[in-house]
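What follows is target-v4.cif (mmCIF, C-alpha atoms).
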data_final
loop_
_atom_site.label_atom_id
_atom_site.label_comp_id
_atom_site.auth_asym_id
_atom_site.auth_seq_id
_atom_site.Cartn_x
_atom_site.Cartn_y
_atom_site.Cartn_z
CA MET A 14 110.29 297.82 89.09
CA THR A 15 110.23 296.39 92.62
CA SER A 16 110.43 292.60 92.69
CA GLN A 17 107.69 290.57 94.28
CA ARG A 18 109.17 288.54 97.11
CA ILE A 19 108.01 284.92 97.46
CA LEU A 20 109.15 282.79 100.39
CA THR A 21 108.94 279.02 100.87
CA GLY A 22 110.25 276.89 103.72
CA ILE A 23 110.42 273.14 104.18
CA THR A 24 111.05 271.44 107.52
CA PRO A 25 113.91 268.89 107.55
CA SER A 26 112.28 266.17 109.62
CA GLY A 27 112.17 263.31 107.13
CA THR A 28 113.04 262.05 103.65
CA PRO A 29 111.54 264.03 100.72
CA HIS A 30 108.75 262.19 98.92
CA LEU A 31 106.74 262.57 95.72
CA GLY A 32 104.18 264.77 97.46
CA ASN A 33 106.86 267.22 98.65
CA TYR A 34 108.19 267.51 95.12
CA ALA A 35 104.89 267.93 93.25
CA GLY A 36 103.23 270.10 95.88
CA ALA A 37 106.07 272.41 96.96
CA ILE A 38 109.49 271.95 95.41
CA ARG A 39 108.59 271.82 91.71
CA PRO A 40 106.23 274.83 91.71
CA ALA A 41 108.71 276.82 93.83
CA VAL A 42 111.60 276.12 91.46
CA GLU A 43 109.42 277.12 88.50
CA ALA A 44 108.42 280.35 90.27
CA SER A 45 112.08 281.24 90.89
CA GLN A 46 112.64 281.42 87.14
CA ARG A 47 109.96 284.04 86.50
CA PRO A 48 110.99 287.65 85.84
CA GLY A 49 110.12 290.20 88.51
CA VAL A 50 110.22 287.61 91.32
CA GLU A 51 112.72 287.48 94.17
CA SER A 52 112.55 284.00 95.68
CA PHE A 53 113.53 282.90 99.19
CA TYR A 54 113.84 279.17 99.89
CA PHE A 55 114.98 277.93 103.25
CA LEU A 56 115.39 274.83 105.39
CA SER A 57 113.45 275.48 108.58
CA ASP A 58 115.65 273.45 110.89
CA TYR A 59 114.52 275.28 114.04
CA HIS A 60 110.98 274.14 113.27
CA ALA A 61 112.25 270.57 112.97
CA LEU A 62 113.13 270.60 116.68
CA ILE A 63 109.41 270.75 117.43
CA LYS A 64 108.74 267.60 115.42
CA THR A 65 111.69 265.39 116.35
CA ASP A 66 114.17 265.00 119.19
CA ASN A 67 116.63 263.01 117.08
CA PRO A 68 119.65 265.23 116.23
CA GLU A 69 120.99 262.84 113.59
CA ARG A 70 117.63 262.83 111.85
CA VAL A 71 117.55 266.63 111.68
CA GLN A 72 121.08 266.77 110.29
CA HIS A 73 120.61 264.02 107.71
CA SER A 74 117.21 265.33 106.63
CA THR A 75 118.70 268.80 106.17
CA LEU A 76 121.32 267.30 103.86
CA GLU A 77 118.73 265.28 101.91
CA ILE A 78 116.33 268.15 101.43
CA ALA A 79 119.03 270.65 100.44
CA ALA A 80 120.33 268.16 97.86
CA THR A 81 116.76 267.61 96.65
CA TRP A 82 116.15 271.31 95.98
CA LEU A 83 119.40 271.63 94.08
CA ALA A 84 118.82 268.41 92.11
CA ALA A 85 115.31 269.62 91.24
CA GLY A 86 116.78 272.62 89.45
CA LEU A 87 117.01 275.39 92.04
CA ARG A 88 119.78 277.78 91.02
CA PRO A 89 121.29 279.58 94.04
CA GLU A 90 122.53 282.38 91.79
CA ARG A 91 118.90 283.21 90.91
CA ALA A 92 117.25 282.68 94.28
CA TRP A 93 118.07 282.98 97.98
CA PHE A 94 118.73 279.49 99.36
CA TYR A 95 119.65 279.21 103.02
CA ARG A 96 119.26 277.41 106.32
CA GLN A 97 117.10 279.09 108.93
CA SER A 98 119.58 278.60 111.79
CA ASP A 99 122.34 280.36 109.81
CA ILE A 100 120.49 283.68 110.15
CA PRO A 101 120.46 284.61 113.86
CA GLU A 102 118.50 287.78 113.12
CA ILE A 103 115.44 285.55 112.60
CA THR A 104 115.50 284.38 116.20
CA GLU A 105 116.07 287.95 117.43
CA LEU A 106 113.09 289.06 115.39
CA THR A 107 111.07 286.23 116.93
CA TRP A 108 111.55 287.82 120.35
CA LEU A 109 110.66 291.30 119.10
CA LEU A 110 107.47 289.87 117.60
CA THR A 111 106.73 287.86 120.76
CA CYS A 112 106.57 291.13 122.67
CA VAL A 113 103.67 292.40 120.53
CA THR A 114 101.82 289.07 120.19
CA GLY A 115 98.83 288.39 122.41
CA LYS A 116 98.64 284.99 124.09
CA GLY A 117 95.00 284.81 123.03
CA LEU A 118 96.09 284.80 119.39
CA LEU A 119 98.41 281.85 119.96
CA ASN A 120 95.73 280.03 121.95
CA ARG A 121 93.73 279.80 118.72
CA ALA A 122 96.49 278.13 116.67
CA HIS A 123 95.23 274.86 115.19
CA ALA A 124 98.19 272.72 116.30
CA TYR A 125 98.00 273.96 119.89
CA LYS A 126 94.22 273.56 120.06
CA ALA A 127 94.48 270.04 118.66
CA ALA A 128 97.01 269.11 121.34
CA VAL A 129 94.80 270.54 124.10
CA ASP A 130 91.69 268.80 122.75
CA ARG A 131 93.59 265.50 122.57
CA ASN A 132 94.76 265.87 126.17
CA ILE A 133 91.26 266.67 127.42
CA ALA A 134 89.83 263.68 125.54
CA GLU A 135 92.40 261.48 127.28
CA SER A 136 91.65 263.05 130.69
CA GLU A 137 95.08 264.68 130.86
CA GLU A 138 96.00 268.21 131.90
CA PRO A 139 95.20 270.53 128.94
CA ASP A 140 98.86 271.49 128.39
CA ALA A 141 100.39 268.08 129.09
CA GLY A 142 103.30 267.49 126.74
CA VAL A 143 102.89 270.89 125.07
CA THR A 144 106.25 272.62 124.68
CA MET A 145 106.70 276.34 124.24
CA GLY A 146 108.21 275.47 120.86
CA LEU A 147 104.84 274.13 119.72
CA PHE A 148 102.98 277.06 121.29
CA MET A 149 105.33 279.66 119.79
CA TYR A 150 105.58 278.02 116.36
CA PRO A 151 103.39 280.70 114.69
CA VAL A 152 105.67 283.51 115.94
CA LEU A 153 108.81 281.86 114.59
CA MET A 154 107.02 281.29 111.30
CA ALA A 155 106.00 284.95 111.26
CA ALA A 156 109.66 285.93 111.81
CA ASP A 157 110.71 283.74 108.87
CA ILE A 158 108.31 285.62 106.63
CA LEU A 159 108.59 289.15 108.00
CA MET A 160 112.40 289.23 108.18
CA PHE A 161 112.44 289.53 104.40
CA ASN A 162 109.07 291.24 103.99
CA ALA A 163 107.77 288.50 101.73
CA HIS A 164 104.72 289.52 99.71
CA LYS A 165 103.45 286.00 99.09
CA VAL A 166 103.96 282.65 100.79
CA PRO A 167 102.81 279.50 98.96
CA VAL A 168 101.05 277.30 101.50
CA GLY A 169 98.52 274.53 101.74
CA ARG A 170 95.10 275.30 103.16
CA ASP A 171 96.18 273.88 106.54
CA GLN A 172 98.81 276.64 106.80
CA VAL A 173 96.60 279.61 105.89
CA GLN A 174 95.90 280.34 109.55
CA HIS A 175 99.62 280.82 110.19
CA LEU A 176 99.78 283.43 107.43
CA GLU A 177 96.80 285.23 108.92
CA MET A 178 98.55 285.21 112.30
CA ALA A 179 101.73 286.58 110.71
CA ARG A 180 99.67 289.44 109.27
CA ASP A 181 98.14 290.15 112.70
CA ILE A 182 101.57 290.13 114.37
CA ALA A 183 103.05 292.41 111.70
CA ALA A 184 100.14 294.83 112.05
CA SER A 185 100.61 294.92 115.84
CA PHE A 186 104.31 295.77 115.46
CA ASN A 187 103.58 298.39 112.81
CA HIS A 188 100.94 299.98 115.00
CA ARG A 189 103.31 300.25 117.94
CA TYR A 190 106.58 301.15 116.21
CA GLY A 191 105.75 302.47 112.75
CA GLU A 192 105.39 300.88 109.34
CA HIS A 193 108.17 298.32 109.01
CA PHE A 194 106.49 295.18 107.72
CA VAL A 195 104.63 294.28 104.57
CA LEU A 196 101.48 292.30 105.40
CA PRO A 197 102.13 288.94 103.66
CA GLU A 198 99.53 287.07 101.65
CA ALA A 199 98.95 283.34 101.46
CA ALA A 200 99.25 281.92 97.95
CA VAL A 201 97.10 278.79 97.83
CA ASP A 202 97.50 277.10 94.44
CA GLU A 203 94.25 275.23 93.87
CA SER A 204 95.77 273.54 90.81
CA VAL A 205 98.32 271.70 92.95
CA ALA A 206 96.49 268.68 94.32
CA THR A 207 97.56 266.97 97.51
CA LEU A 208 99.08 263.73 96.32
CA PRO A 209 97.71 260.47 97.72
CA GLY A 210 100.01 257.89 99.27
CA LEU A 211 100.11 254.12 98.96
CA ASP A 212 96.82 253.70 100.84
CA GLY A 213 94.92 256.53 99.13
CA ARG A 214 95.19 258.94 102.05
CA LYS A 215 97.29 262.12 101.82
CA MET A 216 100.94 261.17 101.28
CA SER A 217 102.49 261.85 104.67
CA LYS A 218 105.28 260.55 106.86
CA SER A 219 102.80 260.41 109.73
CA TYR A 220 100.68 257.89 107.78
CA ASP A 221 103.75 255.86 106.73
CA ASN A 222 102.41 255.78 103.18
CA ILE A 223 105.02 257.77 101.30
CA ILE A 224 106.96 257.06 98.10
CA PRO A 225 110.48 258.50 98.60
CA LEU A 226 111.34 260.87 95.78
CA PHE A 227 114.73 259.34 95.02
CA ALA A 228 114.07 255.69 95.83
CA PRO A 229 116.18 253.35 93.64
CA PRO A 230 114.29 252.07 90.56
CA ASP A 231 113.65 248.61 92.03
CA ILE A 232 112.27 250.06 95.28
CA LEU A 233 110.24 252.65 93.39
CA LYS A 234 108.65 249.95 91.23
CA LYS A 235 107.86 247.82 94.28
CA LEU A 236 106.15 250.78 95.98
CA VAL A 237 104.17 251.74 92.85
CA PHE A 238 102.86 248.17 92.57
CA ALA A 239 101.86 248.35 96.26
CA ILE A 240 99.42 251.24 95.63
CA VAL A 241 95.94 250.19 96.74
CA THR A 242 93.38 249.80 93.91
CA ASP A 243 89.89 248.33 93.67
CA SER A 244 88.99 244.82 92.50
CA LYS A 245 87.90 245.68 88.95
CA ALA A 246 89.30 243.26 86.40
CA PRO A 247 91.05 244.14 83.12
CA GLY A 248 88.48 245.25 80.56
CA GLU A 249 86.16 246.81 83.15
CA PRO A 250 85.92 250.64 82.96
CA LYS A 251 87.68 252.32 85.87
CA GLU A 252 87.02 255.64 87.57
CA THR A 253 89.72 258.29 87.57
CA GLU A 254 87.92 260.19 90.32
CA GLY A 255 89.38 259.14 93.66
CA SER A 256 92.00 256.90 92.05
CA ALA A 257 95.39 257.35 93.77
CA LEU A 258 97.05 255.75 90.77
CA PHE A 259 95.54 258.22 88.32
CA GLN A 260 96.24 261.26 90.53
CA LEU A 261 99.90 260.29 90.82
CA PHE A 262 100.18 259.82 87.08
CA GLN A 263 98.49 263.17 86.42
CA ALA A 264 100.93 264.97 88.76
CA PHE A 265 103.91 263.93 86.65
CA ALA A 266 102.46 263.64 83.13
CA THR A 267 101.74 266.24 80.46
CA PRO A 268 98.11 267.24 79.83
CA SER A 269 97.99 265.13 76.66
CA GLU A 270 99.46 262.11 78.44
CA THR A 271 96.90 262.56 81.20
CA GLU A 272 94.01 262.57 78.72
CA THR A 273 95.37 259.43 77.07
CA MET A 274 95.47 257.70 80.44
CA ARG A 275 91.96 258.92 81.22
CA THR A 276 90.77 257.25 78.01
CA ARG A 277 92.60 254.03 78.90
CA PHE A 278 90.89 254.01 82.31
CA ALA A 279 87.52 254.29 80.57
CA GLU A 280 88.51 251.45 78.24
CA GLY A 281 89.33 249.17 81.15
CA ILE A 282 93.13 249.18 81.44
CA GLY A 283 94.37 246.51 83.84
CA TRP A 284 95.75 247.69 87.14
CA GLY A 285 99.07 246.01 86.50
CA GLU A 286 99.42 247.77 83.17
CA ALA A 287 98.41 251.11 84.73
CA LYS A 288 100.99 250.70 87.48
CA GLU A 289 103.65 249.86 84.92
CA ALA A 290 102.76 253.06 83.03
CA LEU A 291 102.97 255.09 86.26
CA PHE A 292 106.38 253.63 87.10
CA ASP A 293 107.68 254.40 83.59
CA LYS A 294 106.46 258.01 83.84
CA LEU A 295 107.93 258.52 87.31
CA GLU A 296 111.25 257.04 86.26
CA GLU A 297 111.33 259.27 83.16
CA VAL A 298 110.91 262.40 85.29
CA ILE A 299 112.91 261.38 88.35
CA ALA A 300 115.91 259.50 86.93
CA PRO A 301 117.84 262.63 85.77
CA MET A 302 117.19 264.33 89.11
CA ARG A 303 118.17 261.17 91.00
CA ALA A 304 121.56 261.16 89.27
CA ARG A 305 122.18 264.80 90.26
CA TYR A 306 120.93 264.09 93.78
CA GLU A 307 123.32 261.18 94.27
CA GLU A 308 126.25 263.34 93.14
CA LEU A 309 125.29 266.09 95.57
CA ILE A 310 124.56 263.84 98.55
CA ALA A 311 128.04 262.38 98.18
CA GLU A 312 129.55 265.87 98.73
CA PRO A 313 128.06 267.29 101.96
CA ALA A 314 130.75 269.98 102.12
CA ARG A 315 129.61 271.32 98.75
CA ILE A 316 126.04 271.65 99.97
CA GLU A 317 127.20 273.21 103.24
CA GLN A 318 129.08 275.86 101.29
CA VAL A 319 126.01 276.67 99.19
CA LEU A 320 123.88 277.15 102.30
CA LYS A 321 126.51 279.16 104.18
CA SER A 322 127.15 281.43 101.21
CA GLY A 323 123.44 282.05 100.70
CA ALA A 324 122.92 282.94 104.35
CA ALA A 325 125.97 285.22 104.52
CA ALA A 326 124.91 287.19 101.46
CA LEU A 327 121.32 287.41 102.67
CA ARG A 328 122.36 288.62 106.11
CA ALA A 329 124.56 291.33 104.64
CA LYS A 330 121.94 292.60 102.21
CA TYR A 331 118.74 292.30 104.25
CA ALA A 332 118.81 290.75 107.71
CA ILE A 333 121.53 292.75 109.50
CA PRO A 334 120.44 296.23 108.34
CA PHE A 335 116.75 295.41 108.82
CA ILE A 336 117.12 294.10 112.37
CA ALA A 337 119.18 297.22 113.16
CA ARG A 338 116.25 299.39 112.06
CA LEU A 339 113.82 297.31 114.11
CA ARG A 340 116.04 297.56 117.19
CA GLU A 341 116.13 301.32 116.69
CA ALA A 342 112.35 301.45 116.36
CA ALA A 343 111.82 299.37 119.53
CA GLY A 344 114.21 301.52 121.59
CA LEU A 345 117.22 299.15 121.70
CA ARG A 346 119.55 302.02 120.93
CA LEU A 347 123.07 303.16 121.75
CA LEU A 348 123.08 305.44 124.76
CA ASP A 349 125.51 307.94 123.22
CA ARG A 350 122.79 308.92 120.74
CA ILE A 351 120.41 310.41 123.31
CA HIS A 352 119.87 314.01 122.27
CA ALA A 353 116.55 314.88 123.85
CA ALA A 354 115.67 315.36 127.50
CA PRO A 355 114.11 312.38 129.31
CA VAL A 356 110.49 311.88 128.40
CA ASP A 357 107.98 313.37 130.82
CA THR A 358 105.46 310.58 131.11
CA GLN A 359 102.92 312.95 132.67
CA ALA A 360 102.99 315.42 129.80
CA LYS A 361 100.81 315.13 126.74
CA THR A 362 102.65 313.99 123.64
CA LYS A 363 102.72 316.64 120.96
CA PRO A 364 102.15 315.20 117.52
CA GLN A 365 104.87 315.81 114.98
CA THR A 366 103.62 318.11 112.25
CA LYS A 367 106.58 318.26 109.87
CA PRO A 368 108.61 315.57 108.14
CA GLN A 369 112.25 315.32 109.12
CA PHE A 370 115.52 313.53 108.41
CA LYS A 371 117.02 311.68 111.38
CA GLN A 372 120.70 310.72 111.40
CA TYR A 373 122.16 308.13 113.75
CA ARG A 374 124.99 305.69 114.30
CA GLU A 375 124.18 302.00 114.61
CA ALA A 376 125.80 299.26 116.70
CA ASP A 377 127.80 298.16 113.65
CA GLY A 378 129.71 301.48 113.83
CA LEU A 379 128.24 302.75 110.57
CA PHE A 380 126.05 305.82 110.04
CA TYR A 381 122.50 305.97 108.71
CA PHE A 382 119.65 308.37 108.19
CA LYS A 383 115.93 307.99 107.74
CA LEU A 384 113.13 310.23 106.55
CA VAL A 385 109.94 310.18 108.60
CA GLY A 386 106.68 311.86 107.74
CA GLY A 387 104.62 314.26 109.81
CA ASP A 388 102.84 311.32 111.41
CA ASN A 389 106.24 309.82 112.38
CA ARG A 390 105.82 307.08 109.79
CA LEU A 391 109.05 305.81 108.22
CA LEU A 392 109.27 306.81 104.55
CA LEU A 393 112.90 306.28 103.54
CA GLN A 394 115.71 304.23 105.05
CA SER A 395 119.27 304.94 103.99
CA ARG A 396 122.06 302.55 103.22
CA SER A 397 125.09 302.61 105.53
CA PHE A 398 127.81 305.30 105.48
CA VAL A 399 131.33 305.14 106.87
CA SER A 400 131.11 308.62 108.42
CA ALA A 401 128.47 310.99 109.72
CA ARG A 402 129.71 313.55 107.20
CA GLU A 403 128.91 311.26 104.26
CA ALA A 404 125.43 310.63 105.65
CA GLY A 405 124.89 314.38 106.10
CA GLN A 406 126.06 315.09 102.55
CA ALA A 407 123.57 312.54 101.22
CA VAL A 408 120.75 314.21 103.17
CA ALA A 409 121.78 317.61 101.82
CA GLY A 410 121.88 316.22 98.30
CA ILE A 411 118.35 314.83 98.58
CA LYS A 412 117.09 318.16 99.88
CA ASN A 413 118.75 319.82 96.87
CA GLY A 414 117.00 317.59 94.40
CA GLU A 415 119.26 314.55 94.00
CA ASN A 416 117.56 311.21 93.40
CA TYR A 417 116.93 309.69 96.84
CA GLU A 418 117.01 306.14 95.42
CA GLN A 419 120.81 306.24 95.16
CA TRP A 420 121.06 306.69 98.94
CA GLY A 421 118.33 304.40 100.30
CA GLU A 422 115.12 302.52 99.69
CA LEU A 423 111.44 303.08 100.30
CA ALA A 424 110.12 301.76 103.58
CA PRO A 425 107.36 299.12 103.37
CA GLY A 426 104.08 300.92 102.65
CA ALA A 427 105.77 304.17 101.60
CA SER A 428 105.36 305.63 98.13
CA ASP A 429 107.45 307.77 95.81
CA THR A 430 104.77 310.46 95.96
CA GLY A 431 104.80 310.51 99.77
CA ILE A 432 108.57 310.88 99.89
CA ARG A 433 108.64 313.68 97.35
CA GLN A 434 105.89 315.55 99.22
CA ALA A 435 107.90 315.24 102.44
CA ILE A 436 111.09 316.47 100.73
CA ASN A 437 109.22 319.42 99.18
CA ALA A 438 107.84 320.30 102.62
CA LEU A 439 111.38 320.32 104.01
CA ARG A 440 112.60 322.58 101.22
CA ALA A 441 109.75 325.02 101.84
CA ASP A 442 110.46 325.09 105.57
#

Would you put the structure from the file into structure tokens?
Amino acid sequence: MTSQRILTGITPSGTPHLGNYAGAIRPAVEASQRPGVESFYFLSDYHALIKTDNPERVQHSTLEIAATWLAAGLRPERAWFYRQSDIPEITELTWLLTCVTGKGLLNRAHAYKAAVDRNIAESEEPDAGVTMGLFMYPVLMAADILMFNAHKVPVGRDQVQHLEMARDIAASFNHRYGEHFVLPEAAVDESVATLPGLDGRKMSKSYDNIIPLFAPPDILKKLVFAIVTDSKAPGEPKETEGSALFQLFQAFATPSETETMRTRFAEGIGWGEAKEALFDKLEEVIAPMRARYEELIAEPARIEQVLKSGAAALRAKYAIPFIARLREAAGLRLLDRIHAAPVDTQAKTKPQTKPQFKQYREADGLFYFKLVGGDNRLLLQSRSFVSAREAGQAVAGIKNGENYEQWGELAPGASDTGIRQAINALRAD
């Protein structure tokens, strides 16, 4: 059975906080343990360059966030864990996608529109201070997703537009060059609430209201007791709705513990007692992770090796062969593989009517073949072969009834039925 691919990225531009853990890291780690799921988790350090111009901050945040994922239970042997900048094929794919992306699509991106609106409101030039990094952010995000043909991407509602843009960009490339990309879907988990910060607003570095995930116990307690509450005295019933204190407790407690706290709110628990209960619950959950985190953060070389190993394995299995196929599709090909006469641009293109196997040699020096249908749509992409003879023998074997799955994999959107129909048509020819 084909695995469902789920991809999650986090930008290393600050210190991880409780909201990052409850809203992204914890559910992602849990998802990586499900059968039938292939998980991709990455540190989007190229995206961080849009948000900060402090190199030390990017580096240190990358270390902190990588250690956080590992301390939270992510097992690199069960999921792909890597740093975005360690996979150069992603930036190459960004350019390929840029060439099929309309400027009008990017003009509608929320972040860009917000920057333009802010400039106009302040009587500035519309694009004042807008970098091409900000403008092109959706294309780089699309490359992150499409490089590994992720089926689902867990996002907050504010990121849904970027997933829709990634789908549009993938469809444009597919339309021009054939079916290469799965159209990804946004996975918005309505059960994961956005955690409030110290002042009741969304916990965010931009609001300076965060509670760092691995703050020492004394600092954690100080921050918990700084959470804004109303003026109701002990003994007065308190509302759970809209209470930052209750929402934080609920995010880390079991359902039964949450119901007990709900009852205590109705009975008039004092705010000091409620904050003490929240601190105890947070410390119960976080303390074991904090210990693992401190061990990891003290060994940067160990974390570096984990990230490098993940990227190297991922490049070998997916990124390098996939970008080679995309280069082939876009016409970035070796010149010694030209077999047909130059295209007559004045002549009418004759549609292909029969499926066919196409063999070729890639820039890596290895040999490949692909099966395309009568509409020139890619159906099957082979693995690599050391010699053209081996590739030809594999093609002959498939035509003679051997299982094609031992030689390659279905292209995105292709089906077993479609491939077998094409092979049968070749045999009958």

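Nearest residue to Phe227 in chain A, choosing from A:Pro301, A:Gly281, A:Pro209, A:Pro48 and counting all atoms listed in the file: A:Pro301.
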
Quick one: apply the PyMOL selection byres ((chain A and resi 412) around 10) to the file and drop the selected residues here as a PDB file with C-alpha atoms, in the coordinates of the input.
ATOM      1  CA  PHE A 370     115.520 313.530 108.410  1.00  0.00           C
ATOM      2  CA  GLN A 406     126.060 315.090 102.550  1.00  0.00           C
ATOM      3  CA  ALA A 407     123.570 312.540 101.220  1.00  0.00           C
ATOM      4  CA  VAL A 408     120.750 314.210 103.170  1.00  0.00           C
ATOM      5  CA  ALA A 409     121.780 317.610 101.820  1.00  0.00           C
ATOM      6  CA  GLY A 410     121.880 316.220  98.300  1.00  0.00           C
ATOM      7  CA  ILE A 411     118.350 314.830  98.580  1.00  0.00           C
ATOM      8  CA  ASN A 413     118.750 319.820  96.870  1.00  0.00           C
ATOM      9  CA  GLY A 414     117.000 317.590  94.400  1.00  0.00           C
ATOM     10  CA  GLU A 415     119.260 314.550  94.000  1.00  0.00           C
ATOM     11  CA  ASN A 416     117.560 311.210  93.400  1.00  0.00           C
ATOM     12  CA  TYR A 417     116.930 309.690  96.840  1.00  0.00           C
ATOM     13  CA  ARG A 433     108.640 313.680  97.350  1.00  0.00           C
ATOM     14  CA  ALA A 435     107.900 315.240 102.440  1.00  0.00           C
ATOM     15  CA  ILE A 436     111.090 316.470 100.730  1.00  0.00           C
ATOM     16  CA  ASN A 437     109.220 319.420  99.180  1.00  0.00           C
ATOM     17  CA  ALA A 438     107.840 320.300 102.620  1.00  0.00           C
ATOM     18  CA  LEU A 439     111.380 320.320 104.010  1.00  0.00           C
ATOM     19  CA  ARG A 440     112.600 322.580 101.220  1.00  0.00           C
TER      20      ARG A 440
END

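For the choices A:Asp221, A:Gln174, A:Glu135, A:Ile63, the atom-to-atom distance to Met149 in chain A is smallest for A:Ile63 when using all atoms listed in the file.
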
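Residue membership of the PyMOL selection byres ((chain A and resi 86) around 9) in the shown file amounts to Arg39, Val42, Glu43, Thr81, Trp82, Leu83, Ala84, Ala85, Leu87, Arg88 and Met302 of chain A.
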
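Here, the PyMOL selection byres ((chain A and resi 118) around 12) matches A:Thr111, A:Val113, A:Thr114, A:Gly115, A:Lys116, A:Gly117, A:Leu119, A:Asn120, A:Arg121, A:Ala122, A:His123, A:Tyr125, A:Lys126, A:Phe148, A:Met149, A:Pro151, A:Val152, A:Gln174, A:His175, A:Glu177, A:Met178, A:Ala179, A:Arg180, A:Asp181, A:Ile182, A:Ser185.
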
Residues from last step as file, C-alpha atoms, as a PDB file, keeping the file's coordinate frame:
ATOM      1  CA  THR A 111     106.730 287.860 120.760  1.00  0.00           C
ATOM      2  CA  VAL A 113     103.670 292.400 120.530  1.00  0.00           C
ATOM      3  CA  THR A 114     101.820 289.070 120.190  1.00  0.00           C
ATOM      4  CA  GLY A 115      98.830 288.390 122.410  1.00  0.00           C
ATOM      5  CA  LYS A 116      98.640 284.990 124.090  1.00  0.00           C
ATOM      6  CA  GLY A 117      95.000 284.810 123.030  1.00  0.00           C
ATOM      7  CA  LEU A 119      98.410 281.850 119.960  1.00  0.00           C
ATOM      8  CA  ASN A 120      95.730 280.030 121.950  1.00  0.00           C
ATOM      9  CA  ARG A 121      93.730 279.800 118.720  1.00  0.00           C
ATOM     10  CA  ALA A 122      96.490 278.130 116.670  1.00  0.00           C
ATOM     11  CA  HIS A 123      95.230 274.860 115.190  1.00  0.00           C
ATOM     12  CA  TYR A 125      98.000 273.960 119.890  1.00  0.00           C
ATOM     13  CA  LYS A 126      94.220 273.560 120.060  1.00  0.00           C
ATOM     14  CA  PHE A 148     102.980 277.060 121.290  1.00  0.00           C
ATOM     15  CA  MET A 149     105.330 279.660 119.790  1.00  0.00           C
ATOM     16  CA  PRO A 151     103.390 280.700 114.690  1.00  0.00           C
ATOM     17  CA  VAL A 152     105.670 283.510 115.940  1.00  0.00           C
ATOM     18  CA  GLN A 174      95.900 280.340 109.550  1.00  0.00           C
ATOM     19  CA  HIS A 175      99.620 280.820 110.190  1.00  0.00           C
ATOM     20  CA  GLU A 177      96.800 285.230 108.920  1.00  0.00           C
ATOM     21  CA  MET A 178      98.550 285.210 112.300  1.00  0.00           C
ATOM     22  CA  ALA A 179     101.730 286.580 110.710  1.00  0.00           C
ATOM     23  CA  ARG A 180      99.670 289.440 109.270  1.00  0.00           C
ATOM     24  CA  ASP A 181      98.140 290.150 112.700  1.00  0.00           C
ATOM     25  CA  ILE A 182     101.570 290.130 114.370  1.00  0.00           C
ATOM     26  CA  SER A 185     100.610 294.920 115.840  1.00  0.00           C
TER      27      SER A 185
END

#### Entry: Point-to-point distance from CA of Ala156 in chain A to CA of Ala183 in chain A, Å rounded to tenths
9.3 Å

#### Entry: Distance in Å - CA of Ala163 in chain A versus CA of Phe53 in chain A
8.4 Å
